[in-house]
Amino acid sequence: MLYAILAYHVEADVKSWTAEEDATVMAGLLGVHERLKGRLGPTARLGDTQKARTLRGPGRGTVIDGPFAETKEQLLGLYMIDCANEDEAIAAARDLRSVNPSAVYEIRAIRRYIPGAPFEEMTGASDL
């Protein structure tokens, strides 16, 4: 089954890291990526929240600056991982957190969306 692990962090804290602090966290995360090799799908470090745009509203919608969620943490990255079950996905998130302990990780099963068809769980990397 495929899971998304969404990485939340206080963006101001991450932006305050020195280049060395950032490199240390990234090196630790790459170590976790190696341990997850063969099960880890696409990963991404997202751009600045302040540069994000949100499209909402009727019709063609209106583009507005940034996300407006009232949260302390912002979504700064994501992982897609093939796990046998939720416990295994939680273990992977704990491994990520072991090298980035101030991050918050949200774990969600991924469902395929095909308009007009019922939702189905994605069962593995071949579904990507």
# chains A, B, ... in the order shown; residues from 1 in each chain; ligands from 1
>>> residues_around(residues="stretch 71-76 of chain A", least_positions_apart="4", cutoff="12 Å", atoms="only C-alpha atoms", output="ChimeraX atom specification")
/A:5-15,43-50,52,66-67,102-106
>>> select_by_dssp(residues="chain A", states="strand (DSSP E or B)", output="JSON, numbers by chain")
{"A": [2, 3, 4, 5, 6, 7, 8, 9, 40, 41, 42, 43, 44, 45, 53, 54, 55, 56, 62, 63, 64, 65, 74, 75, 76, 77, 78, 79, 80, 81, 82, 104, 105, 106, 107, 108, 109, 111, 112, 120, 121]}
>>> closest_residue(among="A:Ile107, A:Ala19, A:Val99, A:Met80", to="A:Val32", atoms="only C-alpha atoms")
A:Val99
>>> atom_distance(atom1="atom CA of A:Gly41", atom2="atom CA of A:Ser98")
19.8 Å
>>> residues_around(residues="A:His33", least_positions_apart="4", cutoff="12 Å", atoms="only C-alpha atoms", output="PDB file with all heavy atoms, in the first residue's frame")
ATOM      1  N   MET A  26      19.754  17.506   6.118  1.00  0.00           N
ATOM      2  CA  MET A  26      19.594  16.883   4.797  1.00  0.00           C
ATOM      3  C   MET A  26      20.421  15.598   4.690  1.00  0.00           C
ATOM      4  O   MET A  26      19.948  14.604   4.124  1.00  0.00           O
ATOM      5  CB  MET A  26      19.995  17.858   3.687  1.00  0.00           C
ATOM      6  CG  MET A  26      19.042  19.028   3.513  1.00  0.00           C
ATOM      7  SD  MET A  26      17.367  18.501   3.074  1.00  0.00           S
ATOM      8  CE  MET A  26      16.478  18.921   4.550  1.00  0.00           C
ATOM      9  N   ALA A  27      21.627  15.587   5.230  1.00  0.00           N
ATOM     10  CA  ALA A  27      22.449  14.374   5.208  1.00  0.00           C
ATOM     11  C   ALA A  27      21.771  13.264   6.006  1.00  0.00           C
ATOM     12  O   ALA A  27      21.755  12.100   5.581  1.00  0.00           O
ATOM     13  CB  ALA A  27      23.842  14.661   5.763  1.00  0.00           C
ATOM     14  N   GLY A  28      21.198  13.604   7.141  1.00  0.00           N
ATOM     15  CA  GLY A  28      20.477  12.617   7.937  1.00  0.00           C
ATOM     16  C   GLY A  28      19.277  12.063   7.183  1.00  0.00           C
ATOM     17  O   GLY A  28      19.037  10.855   7.191  1.00  0.00           O
ATOM     18  N   LEU A  29      18.547  12.945   6.513  1.00  0.00           N
ATOM     19  CA  LEU A  29      17.389  12.502   5.744  1.00  0.00           C
ATOM     20  C   LEU A  29      17.816  11.617   4.573  1.00  0.00           C
ATOM     21  O   LEU A  29      17.149  10.624   4.270  1.00  0.00           O
ATOM     22  CB  LEU A  29      16.583  13.697   5.252  1.00  0.00           C
ATOM     23  CG  LEU A  29      15.830  14.468   6.344  1.00  0.00           C
ATOM     24  CD1 LEU A  29      15.225  15.749   5.782  1.00  0.00           C
ATOM     25  CD2 LEU A  29      14.768  13.607   7.001  1.00  0.00           C
ATOM     26  N   LYS A  37      15.289   2.593   0.579  1.00  0.00           N
ATOM     27  CA  LYS A  37      15.502   2.326  -0.857  1.00  0.00           C
ATOM     28  C   LYS A  37      14.665   1.142  -1.322  1.00  0.00           C
ATOM     29  O   LYS A  37      14.575   0.136  -0.642  1.00  0.00           O
ATOM     30  CB  LYS A  37      16.976   2.060  -1.119  1.00  0.00           C
ATOM     31  CG  LYS A  37      17.371   2.261  -2.551  1.00  0.00           C
ATOM     32  CD  LYS A  37      18.875   2.212  -2.698  1.00  0.00           C
ATOM     33  CE  LYS A  37      19.261   2.945  -3.957  1.00  0.00           C
ATOM     34  NZ  LYS A  37      20.655   3.256  -3.998  1.00  0.00           N
ATOM     35  N   GLY A  38      14.057   1.290  -2.483  1.00  0.00           N
ATOM     36  CA  GLY A  38      13.201   0.255  -3.031  1.00  0.00           C
ATOM     37  C   GLY A  38      11.742   0.417  -2.635  1.00  0.00           C
ATOM     38  O   GLY A  38      10.859  -0.146  -3.256  1.00  0.00           O
ATOM     39  N   ARG A  39      11.490   1.187  -1.573  1.00  0.00           N
ATOM     40  CA  ARG A  39      10.110   1.436  -1.129  1.00  0.00           C
ATOM     41  C   ARG A  39       9.760   2.906  -1.227  1.00  0.00           C
ATOM     42  O   ARG A  39       8.602   3.277  -1.163  1.00  0.00           O
ATOM     43  CB  ARG A  39       9.912   0.983   0.325  1.00  0.00           C
ATOM     44  CG  ARG A  39      10.119  -0.492   0.523  1.00  0.00           C
ATOM     45  CD  ARG A  39       9.753  -0.950   1.923  1.00  0.00           C
ATOM     46  NE  ARG A  39      10.517  -0.251   2.938  1.00  0.00           N
ATOM     47  CZ  ARG A  39       9.973   0.325   4.023  1.00  0.00           C
ATOM     48  NH1 ARG A  39       8.682   0.275   4.236  1.00  0.00           N
ATOM     49  NH2 ARG A  39      10.734   0.925   4.904  1.00  0.00           N
ATOM     50  N   LEU A  40      10.776   3.767  -1.365  1.00  0.00           N
ATOM     51  CA  LEU A  40      10.564   5.208  -1.359  1.00  0.00           C
ATOM     52  C   LEU A  40      10.306   5.699  -2.776  1.00  0.00           C
ATOM     53  O   LEU A  40      11.087   5.435  -3.687  1.00  0.00           O
ATOM     54  CB  LEU A  40      11.792   5.910  -0.767  1.00  0.00           C
ATOM     55  CG  LEU A  40      11.683   7.408  -0.542  1.00  0.00           C
ATOM     56  CD1 LEU A  40      10.587   7.725   0.474  1.00  0.00           C
ATOM     57  CD2 LEU A  40      13.021   7.952  -0.049  1.00  0.00           C
ATOM     58  N   GLY A  41       9.195   6.387  -2.950  1.00  0.00           N
ATOM     59  CA  GLY A  41       8.848   6.969  -4.236  1.00  0.00           C
ATOM     60  C   GLY A  41       9.316   8.414  -4.293  1.00  0.00           C
ATOM     61  O   GLY A  41      10.313   8.775  -3.657  1.00  0.00           O
ATOM     62  N   PRO A  42       8.582   9.263  -5.004  1.00  0.00           N
ATOM     63  CA  PRO A  42       8.968  10.666  -5.115  1.00  0.00           C
ATOM     64  C   PRO A  42       9.004  11.359  -3.760  1.00  0.00           C
ATOM     65  O   PRO A  42       8.197  11.081  -2.875  1.00  0.00           O
ATOM     66  CB  PRO A  42       7.858  11.274  -5.985  1.00  0.00           C
ATOM     67  CG  PRO A  42       7.262  10.122  -6.716  1.00  0.00           C
ATOM     68  CD  PRO A  42       7.398   8.941  -5.782  1.00  0.00           C
ATOM     69  N   THR A  43       9.973  12.239  -3.601  1.00  0.00           N
ATOM     70  CA  THR A  43      10.069  13.082  -2.419  1.00  0.00           C
ATOM     71  C   THR A  43      10.242  14.517  -2.902  1.00  0.00           C
ATOM     72  O   THR A  43      10.679  14.746  -4.035  1.00  0.00           O
ATOM     73  CB  THR A  43      11.270  12.699  -1.523  1.00  0.00           C
ATOM     74  OG1 THR A  43      12.484  12.925  -2.236  1.00  0.00           O
ATOM     75  CG2 THR A  43      11.199  11.245  -1.097  1.00  0.00           C
ATOM     76  N   TYR A  79       6.788  12.810   1.082  1.00  0.00           N
ATOM     77  CA  TYR A  79       7.378  11.543   0.663  1.00  0.00           C
ATOM     78  C   TYR A  79       6.247  10.634   0.209  1.00  0.00           C
ATOM     79  O   TYR A  79       5.154  10.690   0.751  1.00  0.00           O
ATOM     80  CB  TYR A  79       8.075  10.846   1.845  1.00  0.00           C
ATOM     81  CG  TYR A  79       9.161  11.662   2.483  1.00  0.00           C
ATOM     82  CD1 TYR A  79       8.866  12.611   3.458  1.00  0.00           C
ATOM     83  CD2 TYR A  79      10.487  11.491   2.111  1.00  0.00           C
ATOM     84  CE1 TYR A  79       9.866  13.366   4.037  1.00  0.00           C
ATOM     85  CE2 TYR A  79      11.492  12.240   2.691  1.00  0.00           C
ATOM     86  CZ  TYR A  79      11.181  13.174   3.654  1.00  0.00           C
ATOM     87  OH  TYR A  79      12.170  13.923   4.236  1.00  0.00           O
ATOM     88  N   MET A  80       6.526   9.778  -0.758  1.00  0.00           N
ATOM     89  CA  MET A  80       5.615   8.689  -1.103  1.00  0.00           C
ATOM     90  C   MET A  80       6.376   7.410  -0.830  1.00  0.00           C
ATOM     91  O   MET A  80       7.518   7.264  -1.267  1.00  0.00           O
ATOM     92  CB  MET A  80       5.185   8.763  -2.563  1.00  0.00           C
ATOM     93  CG  MET A  80       4.205   9.882  -2.821  1.00  0.00           C
ATOM     94  SD  MET A  80       3.675   9.962  -4.534  1.00  0.00           S
ATOM     95  CE  MET A  80       2.788   8.435  -4.709  1.00  0.00           C
ATOM     96  N   ILE A  81       5.751   6.502  -0.088  1.00  0.00           N
ATOM     97  CA  ILE A  81       6.456   5.296   0.330  1.00  0.00           C
ATOM     98  C   ILE A  81       5.536   4.087   0.237  1.00  0.00           C
ATOM     99  O   ILE A  81       4.348   4.173   0.542  1.00  0.00           O
ATOM    100  CB  ILE A  81       7.026   5.461   1.754  1.00  0.00           C
ATOM    101  CG1 ILE A  81       7.860   4.259   2.149  1.00  0.00           C
ATOM    102  CG2 ILE A  81       5.949   5.779   2.758  1.00  0.00           C
ATOM    103  CD1 ILE A  81       8.688   4.487   3.394  1.00  0.00           C
ATOM    104  N   ALA A  92       8.519   4.337   9.300  1.00  0.00           N
ATOM    105  CA  ALA A  92       9.312   5.131   8.364  1.00  0.00           C
ATOM    106  C   ALA A  92       9.290   6.603   8.771  1.00  0.00           C
ATOM    107  O   ALA A  92      10.322   7.281   8.735  1.00  0.00           O
ATOM    108  CB  ALA A  92       8.783   4.961   6.946  1.00  0.00           C
ATOM    109  N   ALA A  93       8.125   7.110   9.168  1.00  0.00           N
ATOM    110  CA  ALA A  93       8.028   8.504   9.615  1.00  0.00           C
ATOM    111  C   ALA A  93       8.868   8.719  10.875  1.00  0.00           C
ATOM    112  O   ALA A  93       9.526   9.751  11.021  1.00  0.00           O
ATOM    113  CB  ALA A  93       6.576   8.877   9.871  1.00  0.00           C
ATOM    114  N   ASP A  95      11.593   7.127  11.596  1.00  0.00           N
ATOM    115  CA  ASP A  95      12.977   7.137  11.139  1.00  0.00           C
ATOM    116  C   ASP A  95      13.327   8.518  10.584  1.00  0.00           C
ATOM    117  O   ASP A  95      14.384   9.073  10.888  1.00  0.00           O
ATOM    118  CB  ASP A  95      13.175   6.039  10.092  1.00  0.00           C
ATOM    119  CG  ASP A  95      14.632   5.641   9.911  1.00  0.00           C
ATOM    120  OD1 ASP A  95      15.494   6.062  10.715  1.00  0.00           O
ATOM    121  OD2 ASP A  95      14.904   4.885   8.960  1.00  0.00           O
ATOM    122  N   LEU A  96      12.433   9.105   9.792  1.00  0.00           N
ATOM    123  CA  LEU A  96      12.656  10.463   9.282  1.00  0.00           C
ATOM    124  C   LEU A  96      12.774  11.454  10.436  1.00  0.00           C
ATOM    125  O   LEU A  96      13.655  12.312  10.458  1.00  0.00           O
ATOM    126  CB  LEU A  96      11.510  10.875   8.355  1.00  0.00           C
ATOM    127  CG  LEU A  96      11.430  10.143   7.020  1.00  0.00           C
ATOM    128  CD1 LEU A  96      10.075  10.358   6.371  1.00  0.00           C
ATOM    129  CD2 LEU A  96      12.554  10.590   6.098  1.00  0.00           C
ATOM    130  N   VAL A  99      16.075  12.053  12.558  1.00  0.00           N
ATOM    131  CA  VAL A  99      17.129  12.956  12.093  1.00  0.00           C
ATOM    132  C   VAL A  99      16.626  14.390  11.928  1.00  0.00           C
ATOM    133  O   VAL A  99      17.408  15.288  11.647  1.00  0.00           O
ATOM    134  CB  VAL A  99      17.770  12.451  10.775  1.00  0.00           C
ATOM    135  CG1 VAL A  99      18.445  11.116  11.000  1.00  0.00           C
ATOM    136  CG2 VAL A  99      16.758  12.376   9.651  1.00  0.00           C
TER     137      VAL A  99
END
>>> select_by_dssp(residues="stretch 2-128 of chain A", states="alpha helix (DSSP H)", output="PDB file with N, CA, C and O atoms, in the first residue's frame")
ATOM      1  N   GLU A  11       8.265  27.059   9.500  1.00  0.00           N
ATOM      2  CA  GLU A  11       9.097  27.516   8.394  1.00  0.00           C
ATOM      3  C   GLU A  11      10.154  28.532   8.838  1.00  0.00           C
ATOM      4  O   GLU A  11      11.298  28.484   8.378  1.00  0.00           O
ATOM      5  N   ALA A  12       9.789  29.412   9.738  1.00  0.00           N
ATOM      6  CA  ALA A  12      10.757  30.407  10.218  1.00  0.00           C
ATOM      7  C   ALA A  12      11.948  29.731  10.887  1.00  0.00           C
ATOM      8  O   ALA A  12      13.090  30.191  10.755  1.00  0.00           O
ATOM      9  N   ASP A  13      11.700  28.632  11.600  1.00  0.00           N
ATOM     10  CA  ASP A  13      12.798  27.896  12.229  1.00  0.00           C
ATOM     11  C   ASP A  13      13.732  27.306  11.172  1.00  0.00           C
ATOM     12  O   ASP A  13      14.949  27.404  11.272  1.00  0.00           O
ATOM     13  N   VAL A  14      13.144  26.678  10.157  1.00  0.00           N
ATOM     14  CA  VAL A  14      13.960  26.068   9.097  1.00  0.00           C
ATOM     15  C   VAL A  14      14.768  27.138   8.371  1.00  0.00           C
ATOM     16  O   VAL A  14      15.949  26.952   8.087  1.00  0.00           O
ATOM     17  N   LYS A  15      14.148  28.277   8.095  1.00  0.00           N
ATOM     18  CA  LYS A  15      14.852  29.349   7.397  1.00  0.00           C
ATOM     19  C   LYS A  15      15.966  29.960   8.252  1.00  0.00           C
ATOM     20  O   LYS A  15      16.894  30.551   7.711  1.00  0.00           O
ATOM     21  N   SER A  16      15.886  29.780   9.567  1.00  0.00           N
ATOM     22  CA  SER A  16      16.919  30.338  10.443  1.00  0.00           C
ATOM     23  C   SER A  16      18.132  29.416  10.579  1.00  0.00           C
ATOM     24  O   SER A  16      19.146  29.818  11.129  1.00  0.00           O
ATOM     25  N   ALA A  19      23.717  27.191   7.040  1.00  0.00           N
ATOM     26  CA  ALA A  19      23.950  26.247   5.942  1.00  0.00           C
ATOM     27  C   ALA A  19      24.433  24.906   6.494  1.00  0.00           C
ATOM     28  O   ALA A  19      24.046  23.848   5.994  1.00  0.00           O
ATOM     29  N   GLU A  20      25.243  24.950   7.536  1.00  0.00           N
ATOM     30  CA  GLU A  20      25.754  23.710   8.140  1.00  0.00           C
ATOM     31  C   GLU A  20      24.635  22.927   8.823  1.00  0.00           C
ATOM     32  O   GLU A  20      24.574  21.699   8.713  1.00  0.00           O
ATOM     33  N   GLU A  21      23.747  23.616   9.539  1.00  0.00           N
ATOM     34  CA  GLU A  21      22.624  22.941  10.197  1.00  0.00           C
ATOM     35  C   GLU A  21      21.701  22.298   9.157  1.00  0.00           C
ATOM     36  O   GLU A  21      21.275  21.152   9.322  1.00  0.00           O
ATOM     37  N   ASP A  22      21.417  23.031   8.086  1.00  0.00           N
ATOM     38  CA  ASP A  22      20.569  22.500   7.026  1.00  0.00           C
ATOM     39  C   ASP A  22      21.232  21.283   6.379  1.00  0.00           C
ATOM     40  O   ASP A  22      20.579  20.265   6.156  1.00  0.00           O
ATOM     41  N   ALA A  23      22.516  21.378   6.107  1.00  0.00           N
ATOM     42  CA  ALA A  23      23.240  20.263   5.482  1.00  0.00           C
ATOM     43  C   ALA A  23      23.234  19.033   6.387  1.00  0.00           C
ATOM     44  O   ALA A  23      23.114  17.901   5.901  1.00  0.00           O
ATOM     45  N   THR A  24      23.333  19.232   7.687  1.00  0.00           N
ATOM     46  CA  THR A  24      23.305  18.109   8.625  1.00  0.00           C
ATOM     47  C   THR A  24      21.956  17.403   8.587  1.00  0.00           C
ATOM     48  O   THR A  24      21.885  16.175   8.529  1.00  0.00           O
ATOM     49  N   VAL A  25      20.869  18.179   8.614  1.00  0.00           N
ATOM     50  CA  VAL A  25      19.529  17.581   8.542  1.00  0.00           C
ATOM     51  C   VAL A  25      19.351  16.860   7.209  1.00  0.00           C
ATOM     52  O   VAL A  25      18.876  15.725   7.159  1.00  0.00           O
ATOM     53  N   MET A  26      19.754  17.506   6.118  1.00  0.00           N
ATOM     54  CA  MET A  26      19.594  16.883   4.797  1.00  0.00           C
ATOM     55  C   MET A  26      20.421  15.598   4.690  1.00  0.00           C
ATOM     56  O   MET A  26      19.948  14.604   4.124  1.00  0.00           O
ATOM     57  N   ALA A  27      21.627  15.587   5.230  1.00  0.00           N
ATOM     58  CA  ALA A  27      22.449  14.374   5.208  1.00  0.00           C
ATOM     59  C   ALA A  27      21.771  13.264   6.006  1.00  0.00           C
ATOM     60  O   ALA A  27      21.755  12.100   5.581  1.00  0.00           O
ATOM     61  N   GLY A  28      21.198  13.604   7.141  1.00  0.00           N
ATOM     62  CA  GLY A  28      20.477  12.617   7.937  1.00  0.00           C
ATOM     63  C   GLY A  28      19.277  12.063   7.183  1.00  0.00           C
ATOM     64  O   GLY A  28      19.037  10.855   7.191  1.00  0.00           O
ATOM     65  N   LEU A  29      18.547  12.945   6.513  1.00  0.00           N
ATOM     66  CA  LEU A  29      17.389  12.502   5.744  1.00  0.00           C
ATOM     67  C   LEU A  29      17.816  11.617   4.573  1.00  0.00           C
ATOM     68  O   LEU A  29      17.149  10.624   4.270  1.00  0.00           O
ATOM     69  N   LEU A  30      18.920  11.933   3.932  1.00  0.00           N
ATOM     70  CA  LEU A  30      19.409  11.080   2.848  1.00  0.00           C
ATOM     71  C   LEU A  30      19.766   9.693   3.367  1.00  0.00           C
ATOM     72  O   LEU A  30      19.568   8.693   2.673  1.00  0.00           O
ATOM     73  N   GLY A  31      20.265   9.621   4.602  1.00  0.00           N
ATOM     74  CA  GLY A  31      20.529   8.321   5.217  1.00  0.00           C
ATOM     75  C   GLY A  31      19.245   7.519   5.393  1.00  0.00           C
ATOM     76  O   GLY A  31      19.218   6.308   5.135  1.00  0.00           O
ATOM     77  N   VAL A  32      18.185   8.188   5.809  1.00  0.00           N
ATOM     78  CA  VAL A  32      16.889   7.510   5.933  1.00  0.00           C
ATOM     79  C   VAL A  32      16.410   7.076   4.550  1.00  0.00           C
ATOM     80  O   VAL A  32      15.920   5.961   4.373  1.00  0.00           O
ATOM     81  N   HIS A  33      16.587   7.930   3.541  1.00  0.00           N
ATOM     82  CA  HIS A  33      16.189   7.576   2.171  1.00  0.00           C
ATOM     83  C   HIS A  33      16.896   6.302   1.725  1.00  0.00           C
ATOM     84  O   HIS A  33      16.283   5.439   1.093  1.00  0.00           O
ATOM     85  N   GLU A  34      18.168   6.173   2.064  1.00  0.00           N
ATOM     86  CA  GLU A  34      18.916   4.957   1.708  1.00  0.00           C
ATOM     87  C   GLU A  34      18.317   3.729   2.390  1.00  0.00           C
ATOM     88  O   GLU A  34      18.216   2.669   1.785  1.00  0.00           O
ATOM     89  N   ARG A  35      17.930   3.874   3.660  1.00  0.00           N
ATOM     90  CA  ARG A  35      17.329   2.751   4.383  1.00  0.00           C
ATOM     91  C   ARG A  35      15.972   2.362   3.786  1.00  0.00           C
ATOM     92  O   ARG A  35      15.543   1.223   3.902  1.00  0.00           O
ATOM     93  N   GLU A  86       0.009   0.358   7.801  1.00  0.00           N
ATOM     94  CA  GLU A  86       0.161   1.653   8.459  1.00  0.00           C
ATOM     95  C   GLU A  86       1.292   1.644   9.486  1.00  0.00           C
ATOM     96  O   GLU A  86       2.018   2.630   9.610  1.00  0.00           O
ATOM     97  N   ASP A  87       1.453   0.547  10.216  1.00  0.00           N
ATOM     98  CA  ASP A  87       2.527   0.471  11.216  1.00  0.00           C
ATOM     99  C   ASP A  87       3.889   0.670  10.569  1.00  0.00           C
ATOM    100  O   ASP A  87       4.762   1.342  11.128  1.00  0.00           O
ATOM    101  N   GLU A  88       4.077   0.087   9.402  1.00  0.00           N
ATOM    102  CA  GLU A  88       5.350   0.238   8.695  1.00  0.00           C
ATOM    103  C   GLU A  88       5.543   1.687   8.224  1.00  0.00           C
ATOM    104  O   GLU A  88       6.649   2.218   8.263  1.00  0.00           O
ATOM    105  N   ALA A  89       4.459   2.339   7.794  1.00  0.00           N
ATOM    106  CA  ALA A  89       4.536   3.746   7.380  1.00  0.00           C
ATOM    107  C   ALA A  89       4.874   4.635   8.580  1.00  0.00           C
ATOM    108  O   ALA A  89       5.673   5.567   8.464  1.00  0.00           O
ATOM    109  N   ILE A  90       4.294   4.335   9.727  1.00  0.00           N
ATOM    110  CA  ILE A  90       4.598   5.099  10.942  1.00  0.00           C
ATOM    111  C   ILE A  90       6.057   4.896  11.331  1.00  0.00           C
ATOM    112  O   ILE A  90       6.750   5.844  11.715  1.00  0.00           O
ATOM    113  N   ALA A  91       6.554   3.678  11.190  1.00  0.00           N
ATOM    114  CA  ALA A  91       7.963   3.411  11.501  1.00  0.00           C
ATOM    115  C   ALA A  91       8.880   4.221  10.583  1.00  0.00           C
ATOM    116  O   ALA A  91       9.903   4.765  11.029  1.00  0.00           O
ATOM    117  N   ALA A  92       8.519   4.337   9.300  1.00  0.00           N
ATOM    118  CA  ALA A  92       9.312   5.131   8.364  1.00  0.00           C
ATOM    119  C   ALA A  92       9.290   6.603   8.771  1.00  0.00           C
ATOM    120  O   ALA A  92      10.322   7.281   8.735  1.00  0.00           O
ATOM    121  N   ALA A  93       8.125   7.110   9.168  1.00  0.00           N
ATOM    122  CA  ALA A  93       8.028   8.504   9.615  1.00  0.00           C
ATOM    123  C   ALA A  93       8.868   8.719  10.875  1.00  0.00           C
ATOM    124  O   ALA A  93       9.526   9.751  11.021  1.00  0.00           O
ATOM    125  N   ARG A  94       8.878   7.738  11.766  1.00  0.00           N
ATOM    126  CA  ARG A  94       9.717   7.852  12.969  1.00  0.00           C
ATOM    127  C   ARG A  94      11.194   7.891  12.604  1.00  0.00           C
ATOM    128  O   ARG A  94      11.980   8.610  13.223  1.00  0.00           O
ATOM    129  N   ASP A  95      11.593   7.127  11.596  1.00  0.00           N
ATOM    130  CA  ASP A  95      12.977   7.137  11.139  1.00  0.00           C
ATOM    131  C   ASP A  95      13.327   8.518  10.584  1.00  0.00           C
ATOM    132  O   ASP A  95      14.384   9.073  10.888  1.00  0.00           O
ATOM    133  N   LEU A  96      12.433   9.105   9.792  1.00  0.00           N
ATOM    134  CA  LEU A  96      12.656  10.463   9.282  1.00  0.00           C
ATOM    135  C   LEU A  96      12.774  11.454  10.436  1.00  0.00           C
ATOM    136  O   LEU A  96      13.655  12.312  10.458  1.00  0.00           O
ATOM    137  N   ARG A  97      11.895  11.322  11.409  1.00  0.00           N
ATOM    138  CA  ARG A  97      11.882  12.243  12.544  1.00  0.00           C
ATOM    139  C   ARG A  97      13.129  12.092  13.420  1.00  0.00           C
ATOM    140  O   ARG A  97      13.564  13.029  14.079  1.00  0.00           O
ATOM    141  N   SER A  98      13.731  10.903  13.416  1.00  0.00           N
ATOM    142  CA  SER A  98      14.922  10.686  14.239  1.00  0.00           C
ATOM    143  C   SER A  98      16.068  11.610  13.824  1.00  0.00           C
ATOM    144  O   SER A  98      16.916  11.937  14.642  1.00  0.00           O
ATOM    145  N   VAL A  99      16.075  12.053  12.558  1.00  0.00           N
ATOM    146  CA  VAL A  99      17.129  12.956  12.093  1.00  0.00           C
ATOM    147  C   VAL A  99      16.626  14.390  11.928  1.00  0.00           C
ATOM    148  O   VAL A  99      17.408  15.288  11.647  1.00  0.00           O
TER     149      VAL A  99
END
>>> atom_distance(atom1="atom CA of A:Asp65", atom2="atom CA of A:Lys51")
7.4 Å
>>> atom_distance(atom1="atom CA of A:Cys83", atom2="atom CA of A:Met1")
5.5 Å
>>> closest_residue(among="A:Thr54, A:Ile110, A:Arg60, A:Gly116", to="A:Asn85", atoms="only C-alpha atoms")
A:Ile110
